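Scroll down for the structure; my scribbles are underneath it.
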Amino acid sequence: MKTTTLYRPVGMKEMELIAESAYKLFPPRLTWQPIFYPVMNQQYAEQIALDWNTADEFSGFIGIVTAFEVNENYLQKYEIQNVGGKIHNELWIPSSAMQEFNDQIFGEIEIVNVYFTRKSVSTQNKSLMSKLEKFRK
């Protein structure tokens with residue numbers, strides 16, 4: 001099976017739910033989140049994590065960049081959406097398709113970068129905290 005690497009910037013609450021799934025699944029969307037938008041490149045994910053997640057109380061003032069592999073054939077049903085500059089490409093997955101999307105993830109959802117602030121919340125999940133701390137500068 002051919003896979004494509006996608007990226008997702010997340011905050012602490014979403015990362016804790018990912019960790020609870022043994023790094024296999026993204027959690028269902030909240031009622032006010034009609035779409036799940038993985039992004040197509042790490043640079044764009046890092047931009048969102050740094051500029052948005054670190055300034056957002058709901059994200060815990062922390063920006064966590066995840067990367068994961070998804071079945072390439074499955075992704076062909078979604079058109080790549082450009083939402084700004086050259087690197088701002090993402091997919092729009094309806095929240096109703098989250099289970100189907102999660103079934104197409106191959107391997108684990110990995111943490112590839114973390115942006116901390118002085119306000120960053122911590123987690124009680126010691127294993128997750130250990131993974132996050134590896135990125136503290």
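Every chain in the structure tokens takes a letter, A first, then B, and so on in the order presented; its residues are numbered from 1, and the ligands are numbered from 1 following the presented order.
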Selection: 6 Å around Ser120 (chain A), only C-alpha atoms, excl. self and same-chain fewer than 6 positions, as a list in words:
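Close residues of Ser120 (chain A): Gly60, Phe61 and Ile62 of chain A.
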Next, the residues of the selection above should be written as a PDB file, in the first residue's frame with N, CA and C atoms.
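Result saved to result.pdb:
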```
ATOM      1  N   GLY A  60      -4.211  24.993  25.006  1.00  0.00           N
ATOM      2  CA  GLY A  60      -3.285  24.873  26.128  1.00  0.00           C
ATOM      3  C   GLY A  60      -2.019  25.680  25.932  1.00  0.00           C
ATOM      4  N   PHE A  61      -2.068  26.668  25.024  1.00  0.00           N
ATOM      5  CA  PHE A  61      -0.907  27.523  24.739  1.00  0.00           C
ATOM      6  C   PHE A  61       0.323  26.701  24.349  1.00  0.00           C
ATOM      7  N   ILE A  62       0.070  25.611  23.631  1.00  0.00           N
ATOM      8  CA  ILE A  62       1.152  24.757  23.150  1.00  0.00           C
ATOM      9  C   ILE A  62       0.807  24.318  21.732  1.00  0.00           C
TER      10      ILE A  62
END
```
If you count only C-alpha atoms, which residues fall within 10 Å of region 72-77 of chain A, apart from same-chain ones fewer than 6 positions away, as an MDAnalysis selection string?
chainID A and resid 1:5 91 93 100:101 104:105
File dump, residues just selected, N, CA and C atoms, as an mmCIF file, in the first residue's frame:
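The resulting file, part19.cif, is reproduced below:
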```cif
data_model
loop_
_atom_site.group_PDB
_atom_site.id
_atom_site.type_symbol
_atom_site.label_atom_id
_atom_site.label_comp_id
_atom_site.auth_asym_id
_atom_site.auth_seq_id
_atom_site.Cartn_x
_atom_site.Cartn_y
_atom_site.Cartn_z
ATOM 1 N N MET A 1 0.836 -1.177 0.000
ATOM 2 C CA MET A 1 0.000 0.000 0.000
ATOM 3 C C MET A 1 0.885 1.247 0.000
ATOM 4 N N LYS A 2 0.589 2.161 -0.912
ATOM 5 C CA LYS A 2 1.295 3.430 -0.946
ATOM 6 C C LYS A 2 0.623 4.378 0.036
ATOM 7 N N THR A 3 1.446 5.147 0.735
ATOM 8 C CA THR A 3 0.920 6.100 1.696
ATOM 9 C C THR A 3 1.423 7.503 1.390
ATOM 10 N N THR A 4 0.716 8.471 1.934
ATOM 11 C CA THR A 4 1.094 9.875 1.860
ATOM 12 C C THR A 4 1.243 10.383 3.283
ATOM 13 N N THR A 5 2.277 11.159 3.531
ATOM 14 C CA THR A 5 2.463 11.752 4.845
ATOM 15 C C THR A 5 1.632 13.023 4.941
ATOM 16 N N LEU A 91 -6.458 19.187 3.370
ATOM 17 C CA LEU A 91 -7.623 18.398 2.966
ATOM 18 C C LEU A 91 -8.772 18.738 3.898
ATOM 19 N N ILE A 93 -11.794 16.997 5.488
ATOM 20 C CA ILE A 93 -12.456 15.732 5.765
ATOM 21 C C ILE A 93 -13.703 16.042 6.611
ATOM 22 N N GLU A 100 -13.827 6.576 9.234
ATOM 23 C CA GLU A 100 -13.307 6.073 7.965
ATOM 24 C C GLU A 100 -11.885 6.593 7.726
ATOM 25 N N PHE A 101 -11.647 7.882 8.002
ATOM 26 C CA PHE A 101 -10.313 8.460 7.849
ATOM 27 C C PHE A 101 -9.323 7.765 8.773
ATOM 28 N N GLN A 104 -7.799 4.590 7.741
ATOM 29 C CA GLN A 104 -6.836 4.659 6.644
ATOM 30 C C GLN A 104 -5.432 5.072 7.105
ATOM 31 N N ILE A 105 -5.278 5.334 8.407
ATOM 32 C CA ILE A 105 -3.967 5.698 8.945
ATOM 33 C C ILE A 105 -3.132 4.434 9.092
#
```
Of the listed residues A:Ser96, A:Thr66, A:Asn71, A:Gln81, that which approaches Glu110 (chain A) most closely, counting only C-alpha atoms:
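Closest to Glu110 (chain A) of all the choices is A:Thr66.
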Determine, counting only C-alpha atoms, which protein, DNA and RNA residues have an atom within 6 Å of an atom of Ile35 (chain A); residues of the same chain fewer than 4 positions away are not included. Present the result as a PyMOL selection string.
chain A and resi 92-95
Can you write just those residues out, all heavy atoms, as a PDB file, in the first residue's frame?
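The file below, out_16.pdb, is the result:
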```
ATOM      1  N   TRP A  92      -9.976  18.678   3.388  1.00  0.00           N
ATOM      2  CA  TRP A  92     -11.161  18.926   4.205  1.00  0.00           C
ATOM      3  C   TRP A  92     -11.929  17.621   4.336  1.00  0.00           C
ATOM      4  O   TRP A  92     -12.635  17.203   3.424  1.00  0.00           O
ATOM      5  CB  TRP A  92     -12.028  20.008   3.590  1.00  0.00           C
ATOM      6  CG  TRP A  92     -11.386  21.368   3.566  1.00  0.00           C
ATOM      7  CD1 TRP A  92     -10.198  21.740   4.141  1.00  0.00           C
ATOM      8  CD2 TRP A  92     -11.893  22.535   2.926  1.00  0.00           C
ATOM      9  NE1 TRP A  92      -9.936  23.061   3.898  1.00  0.00           N
ATOM     10  CE2 TRP A  92     -10.965  23.581   3.153  1.00  0.00           C
ATOM     11  CE3 TRP A  92     -13.034  22.807   2.182  1.00  0.00           C
ATOM     12  CZ2 TRP A  92     -11.153  24.868   2.667  1.00  0.00           C
ATOM     13  CZ3 TRP A  92     -13.218  24.092   1.702  1.00  0.00           C
ATOM     14  CH2 TRP A  92     -12.290  25.105   1.949  1.00  0.00           C
ATOM     15  N   ILE A  93     -11.794  16.997   5.488  1.00  0.00           N
ATOM     16  CA  ILE A  93     -12.456  15.732   5.765  1.00  0.00           C
ATOM     17  C   ILE A  93     -13.703  16.042   6.611  1.00  0.00           C
ATOM     18  O   ILE A  93     -13.570  16.588   7.710  1.00  0.00           O
ATOM     19  CB  ILE A  93     -11.530  14.768   6.557  1.00  0.00           C
ATOM     20  CG1 ILE A  93     -10.126  14.692   5.946  1.00  0.00           C
ATOM     21  CG2 ILE A  93     -12.186  13.404   6.711  1.00  0.00           C
ATOM     22  CD1 ILE A  93     -10.036  14.174   4.551  1.00  0.00           C
ATOM     23  N   PRO A  94     -14.895  15.700   6.129  1.00  0.00           N
ATOM     24  CA  PRO A  94     -16.093  15.958   6.941  1.00  0.00           C
ATOM     25  C   PRO A  94     -16.007  15.232   8.282  1.00  0.00           C
ATOM     26  O   PRO A  94     -15.502  14.107   8.361  1.00  0.00           O
ATOM     27  CB  PRO A  94     -17.235  15.395   6.090  1.00  0.00           C
ATOM     28  CG  PRO A  94     -16.688  15.280   4.710  1.00  0.00           C
ATOM     29  CD  PRO A  94     -15.212  15.064   4.855  1.00  0.00           C
ATOM     30  N   SER A  95     -16.486  15.873   9.324  1.00  0.00           N
ATOM     31  CA  SER A  95     -16.423  15.259  10.651  1.00  0.00           C
ATOM     32  C   SER A  95     -17.122  13.901  10.669  1.00  0.00           C
ATOM     33  O   SER A  95     -16.715  12.998  11.404  1.00  0.00           O
ATOM     34  CB  SER A  95     -17.020  16.180  11.706  1.00  0.00           C
ATOM     35  OG  SER A  95     -18.366  16.463  11.417  1.00  0.00           O
TER      36      SER A  95
END
```
Long-range neighbours of Val83 (chain A) as a PyMOL selection string, 12 Å cut-off, only C-alpha atoms, 6 positions minimum in chain
chain A and resi 37+39-40+44+89-92
So, with only C-alpha atoms as the atoms that count, which of A:Thr31, A:Ile48, A:Arg8, A:Glu16 lies closest to Lys131 (chain A)?
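Smallest distance to Lys131 (chain A) is found for A:Glu16.
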What is the CA of Phe116 (chain A) to CA of Asn102 (chain A) distance in Å?
27.3 Å
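Computed from the coordinates, the CA of Asp51 (chain A) to CA of Thr117 (chain A) distance equals 11.4 Å.
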Which residues come within 12 Å of Glu133 (chain A), counting only C-alpha atoms, excluding same-chain residues fewer than 4 positions away, as a count of residues only?
16
As a PyMOL selection string, please: every residue in chain A that DSSP puts in strand (DSSP E).
chain A and resi 3-10+35-36+63-71+81-82+89-90+93-94+105-115
Restricting the output to N, CA and C atoms, write the selected residues as a short mmCIF file (atom, residue, chain, number, x, y, z; two decimals), in the first residue's frame.
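Result went into selection_33.cif, see below:
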```
data_model
loop_
_atom_site.label_atom_id
_atom_site.label_comp_id
_atom_site.auth_asym_id
_atom_site.auth_seq_id
_atom_site.Cartn_x
_atom_site.Cartn_y
_atom_site.Cartn_z
N THR A 3 1.45 5.15 0.74
CA THR A 3 0.92 6.10 1.70
C THR A 3 1.42 7.50 1.39
N THR A 4 0.72 8.47 1.93
CA THR A 4 1.09 9.88 1.86
C THR A 4 1.24 10.38 3.28
N THR A 5 2.28 11.16 3.53
CA THR A 5 2.46 11.75 4.84
C THR A 5 1.63 13.02 4.94
N LEU A 6 0.82 13.09 5.98
CA LEU A 6 0.04 14.29 6.29
C LEU A 6 0.48 14.80 7.66
N TYR A 7 0.11 16.02 7.94
CA TYR A 7 0.50 16.67 9.19
C TYR A 7 -0.74 17.29 9.84
N ARG A 8 -0.70 17.40 11.15
CA ARG A 8 -1.82 18.00 11.86
C ARG A 8 -1.27 18.75 13.07
N PRO A 9 -1.47 20.07 13.12
CA PRO A 9 -1.11 20.81 14.34
C PRO A 9 -2.23 20.62 15.36
N VAL A 10 -1.85 20.33 16.59
CA VAL A 10 -2.84 20.09 17.65
C VAL A 10 -2.42 20.80 18.93
N ILE A 35 -15.32 20.11 10.02
CA ILE A 35 -14.32 19.41 9.20
C ILE A 35 -13.05 19.15 10.01
N PHE A 36 -12.33 18.15 9.56
CA PHE A 36 -10.99 17.82 10.06
C PHE A 36 -10.05 18.19 8.93
N GLY A 63 1.79 24.31 20.87
CA GLY A 63 1.59 23.86 19.49
C GLY A 63 2.35 22.57 19.25
N ILE A 64 1.62 21.52 18.94
CA ILE A 64 2.23 20.21 18.73
C ILE A 64 1.99 19.83 17.28
N VAL A 65 3.05 19.50 16.57
CA VAL A 65 2.94 19.11 15.17
C VAL A 65 3.03 17.59 15.08
N THR A 66 1.99 16.99 14.50
CA THR A 66 1.99 15.54 14.31
C THR A 66 2.15 15.21 12.83
N ALA A 67 2.66 14.03 12.57
CA ALA A 67 2.79 13.51 11.20
C ALA A 67 2.28 12.08 11.21
N PHE A 68 1.67 11.69 10.09
CA PHE A 68 1.10 10.35 10.01
C PHE A 68 0.94 9.95 8.55
N GLU A 69 0.92 8.65 8.32
CA GLU A 69 0.80 8.10 6.98
C GLU A 69 -0.63 7.66 6.72
N VAL A 70 -1.15 8.01 5.54
CA VAL A 70 -2.51 7.66 5.17
C VAL A 70 -2.51 6.99 3.81
N ASN A 71 -3.36 6.01 3.65
CA ASN A 71 -3.53 5.30 2.39
C ASN A 71 -3.73 6.30 1.26
N GLN A 81 -7.13 21.53 -0.94
CA GLN A 81 -7.62 22.90 -0.84
C GLN A 81 -6.45 23.83 -0.54
N ASN A 82 -6.29 24.87 -1.35
CA ASN A 82 -5.29 25.88 -1.06
C ASN A 82 -6.01 27.04 -0.38
N ASN A 89 -1.73 24.22 1.83
CA ASN A 89 -2.56 23.17 1.25
C ASN A 89 -3.02 22.20 2.33
N GLU A 90 -4.31 21.88 2.27
CA GLU A 90 -4.90 21.00 3.26
C GLU A 90 -6.03 20.20 2.64
N ILE A 93 -11.79 17.00 5.49
CA ILE A 93 -12.46 15.73 5.77
C ILE A 93 -13.70 16.04 6.61
N PRO A 94 -14.90 15.70 6.13
CA PRO A 94 -16.09 15.96 6.94
C PRO A 94 -16.01 15.23 8.28
N ILE A 105 -5.28 5.33 8.41
CA ILE A 105 -3.97 5.70 8.95
C ILE A 105 -3.13 4.43 9.09
N PHE A 106 -1.91 4.49 8.59
CA PHE A 106 -0.99 3.37 8.66
C PHE A 106 0.09 3.70 9.68
N GLY A 107 0.22 2.88 10.70
CA GLY A 107 1.23 3.13 11.73
C GLY A 107 0.73 4.10 12.77
N GLU A 108 1.68 4.74 13.46
CA GLU A 108 1.35 5.64 14.56
C GLU A 108 1.35 7.10 14.12
N ILE A 109 0.61 7.89 14.85
CA ILE A 109 0.65 9.34 14.72
C ILE A 109 1.85 9.80 15.53
N GLU A 110 2.81 10.42 14.87
CA GLU A 110 4.07 10.80 15.53
C GLU A 110 4.11 12.28 15.84
N ILE A 111 4.80 12.62 16.89
CA ILE A 111 5.07 14.03 17.22
C ILE A 111 6.37 14.40 16.52
N VAL A 112 6.34 15.45 15.69
CA VAL A 112 7.54 15.84 14.95
C VAL A 112 8.09 17.20 15.37
N ASN A 113 7.30 17.97 16.13
CA ASN A 113 7.79 19.23 16.67
C ASN A 113 6.81 19.74 17.72
N VAL A 114 7.33 20.52 18.65
CA VAL A 114 6.50 21.09 19.71
C VAL A 114 6.96 22.52 19.95
N TYR A 115 5.99 23.42 20.06
CA TYR A 115 6.25 24.82 20.39
C TYR A 115 5.66 25.10 21.77
#
```
Which of region 58-89 of chain A DSSP labels helix (DSSP H, G or I), written as an MDAnalysis selection string
chainID A and resid 72:75
Please dump the current selection as a PDB file, in the first residue's frame; keep N, CA, C and O atoms.
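Now in selection.pdb:
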```
ATOM      1  N   GLU A  72      -2.821   6.287   0.299  1.00  0.00           N
ATOM      2  CA  GLU A  72      -2.845   7.243  -0.817  1.00  0.00           C
ATOM      3  C   GLU A  72      -4.107   7.106  -1.669  1.00  0.00           C
ATOM      4  O   GLU A  72      -4.685   8.097  -2.109  1.00  0.00           O
ATOM      5  N   ASN A  73      -4.550   5.895  -1.926  1.00  0.00           N
ATOM      6  CA  ASN A  73      -5.757   5.688  -2.736  1.00  0.00           C
ATOM      7  C   ASN A  73      -6.983   6.309  -2.074  1.00  0.00           C
ATOM      8  O   ASN A  73      -7.826   6.901  -2.741  1.00  0.00           O
ATOM      9  N   TYR A  74      -7.086   6.179  -0.772  1.00  0.00           N
ATOM     10  CA  TYR A  74      -8.212   6.752  -0.044  1.00  0.00           C
ATOM     11  C   TYR A  74      -8.241   8.273  -0.183  1.00  0.00           C
ATOM     12  O   TYR A  74      -9.305   8.880  -0.367  1.00  0.00           O
ATOM     13  N   LEU A  75      -7.079   8.902  -0.109  1.00  0.00           N
ATOM     14  CA  LEU A  75      -7.010  10.363  -0.145  1.00  0.00           C
ATOM     15  C   LEU A  75      -7.450  10.955  -1.482  1.00  0.00           C
ATOM     16  O   LEU A  75      -7.827  12.126  -1.547  1.00  0.00           O
TER      17      LEU A  75
END
```
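For the pair CA of Asn125 (chain A) and CA of Trp32 (chain A), the interatomic distance is 26.5 Å.
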Closest to Gln42 (chain A) among A:Met98, A:Ile87, A:Pro28, A:Asp103, using only C-alpha atoms?
A:Ile87
